[in-house]
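Novice: My questions will all concern the structure given below.
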Amino acid sequence: MEPFWSYKGAPHPWHFVVSIYFAVGFLVARFFFDRFIFRRLSIWLLSNGAVPLKIDEATRGKIAKCSESMWKLAYYATVEACIIRITFQEPWFRDTKGYFRGWPNQELLLPLKLYYMCQCGFYVYSIVALLTWETRRKDFSVMMSHHVITVALIGYSYITSFFRIGSIILALHDASDVFMEAAKVFKYSEKELAASVFFGFFAISWLMLRLIFFPFGVIKATSYDLLEFLNLTEVYPTFQYYLFNTMLLMLLVFHIYWWVLICSMIQRQLKNRGKVGEDIRSGVRKMKMGITICLYYLLLFVTLIPNFTASQVVFQGYNWESWKKGGGWYNFLITKVPELADAGITHVWLPPPSQSRSDGPEGYLPGRLYDLNASKYGNHDELKKLIKAFQDRGVKCISDMVINHRSAEKQDSSGAWTIFEGGTPDNRLDWDQSFICKNDKPISGTGKIDTGTDFPLAPDIDHTNPRVRRELYNWMNWLKTEIGFVGWRFDFALGFSPAITRMYMANTRPNFAVGEIWPDFNIDTPDANRRQIVKWIEDAGGQVTAFDFTTKGVLQTALVQGELWRLNFSNGGAPGVIGLKPGNAVTFIDNHDTGSTQRVWPFQDDKVMQGYVYILTHPGIPSVFYDHFFEFFNGGLKSHISQLIAIRSRNGIKPTSSLRILAAETGLYVAAIDEKIIAKIGPRLDKVAQLIPPTFQVVLSGEQYAVWEKKA
């Protein structure tokens with residue numbers, strides 16, 4: 001777990017300790033301001049600043065109420081100004097899709113953490129204030145229930161990573177309180193004109209925020225934009241989507257109804273020659289309580305949604321030899337859909353779908369990008385059928401996105417292979433040498449200098465060219481709308497700058513995207529390796545994930561050499577990208593390059609299962625390789641991998657889950673994740689009994705590994 005004060009990080013339950021400090025601070029501040037400022041100011045207002053005020057029981061009541069409203073006015077005005085200042089510079093402030101993009105792995109900045117802790121602390125303080133010095137009213141029990149439930153729902157929405165939309169909803173519904181409390185201050189101090197003016201501002205804010213922005217901003221986002229980030233092919237998320245939006249629409253109906261009441265109040269005010277009546281204040285209290293009830297349900301259903309997405313597990317649905325499969329790989333893989341869905345796989349990574357050069361049948365030397373019928377894995381219709389089969393079982397498909405380089409279709413007049421064809425009757429993706437980087441080897445184009453590392457087997461494309469980006473955006477979005485892909489695996493992402501990746505992310509808005517950033521690995525300098533990957537993630541905008549090559553390198557070295565102490569980094573965390581940016585780290589054991597028949601950097605066979613115990617229990621987004629699941633050791637590791645996924649899912653282990661390392665020594669590694677499960681790898685058993693609490697029980701074990709979870 002990152003410390004609360006780190007500028008970037010993920011929400012964690014322990015952060016709410018800070019809200020207690022806020023609550024204590026509010027108690028002290030309220031006592032100070034009430035005694036030395038607000039009461040004196042209330043008396044001054046009631047006495048018109050000149051005539052000595054006669055203090056009787058009725059006056060004392062007005063002073064107490066006026067002082068209380070001054071305190072609430074100060075709080076609401078301050079916190080509203082702060083949340084506007086915090087969110088105004090965020091890209092998602094004006095982009096409603098940004099409320100959900102990257103969820104549940106969104107980065108939580110320190111100012112927003114403080115806002116949430118402040119709000120939670122204020123309602124904790126309010127509970128104490130209700131029990132101590134605030135004026136006891138008839139609605140005491142209702143207000144107490146409001147404060148308690150609000151604390152619970154603010155906390156729950158925070159730890160489930162819905163802090164973006166949550167902060168917007170909180171700010172939206174609190175804004176009008178600034179004007180209402182101001183109106184009450186002047187009403188209690190018998191300043192009718194000022195009370196009328198601020199009640200007018202309250203009415204205008206209600207109209208603008210709750211009758212215009214709420215339906216056309218918030219509800220539009222949850223009705224349309226949210227569709228890109230939820231899987232509505234499953235019954236449960238579909239039910240939640242419609243129920244969630246039904247509650248929002250009900251809240252809108254209440255807003256409209258109460259707007260009619262406000263208009264009625266304004267009409268009465270005009271008849272009373274501008275005097276704000278007592279019935280208005282009680283009416284507003286009833287309105288706020290009705291809204292609160294709706295918001296309880298709203299926040300409740302928002303925070304239920306993570307139950308079906310928290311445990312993401314990626315599956316690489318092919319290997320280096322899959323293109324050779326008789327009858328086509330797509331037709332073969334479709335028979336595996338039920339097994340993968342039942343195992344708990346959430347995303348399947350499929351091979352490059354386009355026509356590829358004859359000496360690159362695996363798809364990594366693509367040419368006619370729109371031509372999906374010439375792929376060695378199958379044709380256009382077979383691919384759509386496969387993706388539809390996965391969708392019907394609630395599994396999303398991501399495409400291997402090879403856009404760094406491209407194979408030409410023809411030679412130009414000089415004999416160089418620089419004439420590209422897109423695979424359509426028109427000129428989409430029909431390029432020439434001006435679209436090739438001018439420092440490319442061996443074919444030098446006339447485009448701009450390459451922004452990344454050279455790829456020697458095909459011409460590197462100039463991604464600074466606006467037409468290149470525009471036509472690739474269109475092709476990628478066509479893969480989403482026509483074929484059914486929801487995201488990308490950026491192949492050879494070091495081949496172009498992270499700023500380019502950021503543009504592709506922004507213009508295609510994938511549900512999930514991961515980059516292949518494979519820097520040179522040195523077991524003695526893993527921190528430099530992982531920081532290179534983290535820098536790429538941040539420079540690419542922070543929404544994209546990256547394969548955690550550092551974790552793979554350290555893990556396989558530690559297991560082979562018995563040096564499991566390497567899995568405890570100097571700061572007490574994990575040594576890979578999962579130790580710095582777990583929400584953006586895709587962990588893996590092998591893939592089509594490192595393993596399969598290429599075996600560029602393979603995991604030792606007898607250590608593979610221990611590797612999966614590590615990545616499937618730890619933070620990060622784990623990825624399972626086809627060979628290990630179906631083919632390893634003449635039958636695959638499907639049973640135990642499926643059990644690990646089930647353990648991860650039922651315990652709600654997320655990419656940003658907390659990690660506490662209990663032992664990391666020669667031959668022994670034990671760690672607790674979210675304090676819900678404990679994983680052990682390595683041959684040693686001598687310390688295990690004393691490390692595992694009696695409240696845990698073994699749920700999976702094998703050669704040199706075991707997993708415990710809390711007893712029911």
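As shown in the structure tokens, the chain order sets the letters A, B, ...; within each chain, residues go from 1, and ligands are also counted from 1 in the order they appear.
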With a distance cut-off of 9 Å and only C-alpha atoms, select the neighbouring residues of Val707 in chain A, excluding the residue or stretch itself and same-chain residues fewer than 2 positions from it, and output the selection as number ranges by chain.
Specialist: A: 613, 617, 644, 647, 677-681, 697-701, 705, 709
Novice: Taking only range 515-556 of chain A into account, list the residues labelled strand (DSSP E) by DSSP (computed from the backbone), as a PyMOL selection string.
Specialist: chain A and resi 515+545-547
Novice: Could you tell me how far CA of Val560 in chain A lies from CA of Ser322 in chain A, in Å and to one decimal?
Specialist: 28.9 Å
Novice: Measure the distance from CA of Ala341 in chain A to CA of Arg393 in chain A in Å and round it to one decimal.
Specialist: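 According to the coordinates, CA of Ala341 in chain A and CA of Arg393 in chain A are separated by 6.1 Å.
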Novice: Using only C-alpha atoms, find the one residue out of A:Lys687, A:Ser596, A:Gln89, A:Gln610 that sits nearest to Ala706 in chain A.
Specialist: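 Nearest candidate to Ala706 in chain A out of A:Lys687, A:Ser596, A:Gln89, A:Gln610: A:Gln610.
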Novice: Near Ala664 in chain A, within 7 Å and counting only C-alpha atoms, which residues show up once chain neighbours fewer than 6 positions away are dropped, as a list of chain:residue names?
Specialist: A:Leu564, A:Trp565, A:Leu567, A:Asn568, A:Val670
Novice: Got a sec: who's within 9 Å of range 657-659 of chain A, counting only C-alpha atoms, leaving out chain neighbours fewer than 6 positions off, as a PyMOL selection string?
Specialist: chain A and resi 1-2+10+12+573-574+582-583+618-620+671-675
Novice: For Lys438 in chain A, which residue among A:Thr222, A:Ser354, A:Thr451, A:Gln561 is the nearest when counting only C-alpha atoms?
Specialist: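 Checking each candidate against Lys438 in chain A, we get A:Thr451 as the closest.
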Novice: Please extract the residues of range 302-509 of chain A with a backbone DSSP assignment of helix (DSSP H, G or I) and present them as a PyMOL selection string.
Specialist: chain A and resi 302-308+322-324+329-343+380-392+433-435+466-483+493-495+498-508
Novice: Using only C-alpha atoms, which of the listed residues (A:Ser67, A:Phe435, A:Asp548, A:Ile20) sits closest to Phe32 in chain A?
Specialist: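 Using only C-alpha atoms, the shortest distance to Phe32 in chain A belongs to A:Ser67.
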Novice: Enter the distance from CA of Ser407 in chain A to CA of Pro366 in chain A, in Å, rounded to one decimal.
Specialist: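 It comes out at 5.6 Å.
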Novice: Can you tell me, as a ChimeraX atom specification, what residues are no more than 12 Å from Leu340 in chain A when counting only C-alpha atoms, ignoring any on the same chain fewer than 6 positions away?
Specialist: /A:313-317,333-334,346-348,389-391,393-396,624-626,629-630,638-639,641-642,645
Novice: Neighbours of Ala513 in chain A within 9 Å (only C-alpha atoms; same-chain residues fewer than 4 positions away dropped), as a PyMOL selection string?
Specialist: chain A and resi 398+486-490+505+543-546
Novice: Could you write out that same residue set with all heavy atoms as an mmCIF file, in the first residue's frame?
Specialist:
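Final output, result15.cif:
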data_model
loop_
_atom_site.group_PDB
_atom_site.id
_atom_site.type_symbol
_atom_site.label_atom_id
_atom_site.label_comp_id
_atom_site.auth_asym_id
_atom_site.auth_seq_id
_atom_site.Cartn_x
_atom_site.Cartn_y
_atom_site.Cartn_z
ATOM 1 N N ILE A 398 -9.482 -8.243 -26.821
ATOM 2 C CA ILE A 398 -8.568 -7.170 -27.207
ATOM 3 C C ILE A 398 -7.704 -7.659 -28.360
ATOM 4 O O ILE A 398 -7.354 -8.837 -28.441
ATOM 5 C CB ILE A 398 -7.699 -6.705 -26.021
ATOM 6 C CG1 ILE A 398 -6.829 -7.835 -25.488
ATOM 7 C CG2 ILE A 398 -8.567 -6.153 -24.910
ATOM 8 C CD1 ILE A 398 -5.886 -7.398 -24.371
ATOM 9 N N VAL A 486 -12.681 -4.528 -27.949
ATOM 10 C CA VAL A 486 -12.880 -3.437 -26.993
ATOM 11 C C VAL A 486 -11.565 -2.779 -26.582
ATOM 12 O O VAL A 486 -11.578 -1.755 -25.897
ATOM 13 C CB VAL A 486 -13.606 -3.921 -25.722
ATOM 14 C CG1 VAL A 486 -14.961 -4.523 -26.066
ATOM 15 C CG2 VAL A 486 -12.761 -4.916 -24.930
ATOM 16 N N GLY A 487 -10.433 -3.344 -26.979
ATOM 17 C CA GLY A 487 -9.160 -2.779 -26.544
ATOM 18 C C GLY A 487 -7.988 -3.300 -27.338
ATOM 19 O O GLY A 487 -8.139 -4.068 -28.294
ATOM 20 N N TRP A 488 -6.778 -2.902 -26.894
ATOM 21 C CA TRP A 488 -5.577 -3.153 -27.673
ATOM 22 C C TRP A 488 -4.420 -3.654 -26.808
ATOM 23 O O TRP A 488 -4.300 -3.319 -25.640
ATOM 24 C CB TRP A 488 -5.115 -1.869 -28.365
ATOM 25 C CG TRP A 488 -6.204 -0.963 -28.818
ATOM 26 C CD1 TRP A 488 -6.428 0.321 -28.412
ATOM 27 C CD2 TRP A 488 -7.232 -1.260 -29.776
ATOM 28 N NE1 TRP A 488 -7.523 0.843 -29.050
ATOM 29 C CE2 TRP A 488 -8.044 -0.103 -29.894
ATOM 30 C CE3 TRP A 488 -7.543 -2.385 -30.539
ATOM 31 C CZ2 TRP A 488 -9.147 -0.036 -30.740
ATOM 32 C CZ3 TRP A 488 -8.642 -2.337 -31.376
ATOM 33 C CH2 TRP A 488 -9.426 -1.181 -31.485
ATOM 34 N N ARG A 489 -3.573 -4.436 -27.478
ATOM 35 C CA ARG A 489 -2.248 -4.744 -26.941
ATOM 36 C C ARG A 489 -1.271 -4.121 -27.925
ATOM 37 O O ARG A 489 -1.126 -4.573 -29.063
ATOM 38 C CB ARG A 489 -2.052 -6.254 -26.835
ATOM 39 C CG ARG A 489 -0.651 -6.664 -26.337
ATOM 40 C CD ARG A 489 0.242 -7.098 -27.480
ATOM 41 N NE ARG A 489 1.541 -7.574 -27.045
ATOM 42 C CZ ARG A 489 2.539 -7.867 -27.873
ATOM 43 N NH1 ARG A 489 2.380 -7.751 -29.181
ATOM 44 N NH2 ARG A 489 3.688 -8.293 -27.401
ATOM 45 N N PHE A 490 -0.637 -3.008 -27.530
ATOM 46 C CA PHE A 490 0.266 -2.289 -28.424
ATOM 47 C C PHE A 490 1.576 -3.059 -28.570
ATOM 48 O O PHE A 490 2.394 -3.110 -27.650
ATOM 49 C CB PHE A 490 0.533 -0.885 -27.899
ATOM 50 C CG PHE A 490 -0.644 0.047 -28.000
ATOM 51 C CD1 PHE A 490 -1.380 0.386 -26.875
ATOM 52 C CD2 PHE A 490 -1.031 0.582 -29.222
ATOM 53 C CE1 PHE A 490 -2.467 1.243 -26.959
ATOM 54 C CE2 PHE A 490 -2.120 1.442 -29.324
ATOM 55 C CZ PHE A 490 -2.847 1.772 -28.194
ATOM 56 N N MET A 505 -4.769 6.309 -27.663
ATOM 57 C CA MET A 505 -5.675 6.019 -26.549
ATOM 58 C C MET A 505 -6.841 7.011 -26.537
ATOM 59 O O MET A 505 -8.006 6.629 -26.399
ATOM 60 C CB MET A 505 -4.919 6.097 -25.222
ATOM 61 C CG MET A 505 -3.938 4.973 -24.986
ATOM 62 S SD MET A 505 -4.745 3.403 -24.625
ATOM 63 C CE MET A 505 -5.504 3.778 -23.044
ATOM 64 N N GLN A 543 -3.436 6.140 -18.517
ATOM 65 C CA GLN A 543 -4.600 5.261 -18.629
ATOM 66 C C GLN A 543 -4.225 3.886 -19.163
ATOM 67 O O GLN A 543 -4.895 2.891 -18.868
ATOM 68 C CB GLN A 543 -5.652 5.895 -19.548
ATOM 69 C CG GLN A 543 -6.189 7.223 -19.053
ATOM 70 C CD GLN A 543 -6.873 7.104 -17.704
ATOM 71 O OE1 GLN A 543 -7.566 6.136 -17.417
ATOM 72 N NE2 GLN A 543 -6.682 8.101 -16.861
ATOM 73 N N VAL A 544 -3.178 3.818 -19.966
ATOM 74 C CA VAL A 544 -2.750 2.551 -20.547
ATOM 75 C C VAL A 544 -1.978 1.734 -19.508
ATOM 76 O O VAL A 544 -1.352 2.287 -18.604
ATOM 77 C CB VAL A 544 -1.883 2.811 -21.799
ATOM 78 C CG1 VAL A 544 -0.552 3.461 -21.425
ATOM 79 C CG2 VAL A 544 -1.650 1.528 -22.592
ATOM 80 N N THR A 545 -2.041 0.414 -19.623
ATOM 81 C CA THR A 545 -1.250 -0.460 -18.762
ATOM 82 C C THR A 545 -0.022 -0.929 -19.539
ATOM 83 O O THR A 545 0.124 -0.659 -20.729
ATOM 84 C CB THR A 545 -2.071 -1.683 -18.306
ATOM 85 O OG1 THR A 545 -2.403 -2.482 -19.453
ATOM 86 C CG2 THR A 545 -3.352 -1.246 -17.625
ATOM 87 N N ALA A 546 0.866 -1.644 -18.873
ATOM 88 C CA ALA A 546 2.064 -2.175 -19.527
ATOM 89 C C ALA A 546 2.398 -3.533 -18.933
ATOM 90 O O ALA A 546 2.138 -3.788 -17.748
ATOM 91 C CB ALA A 546 3.244 -1.218 -19.368
#
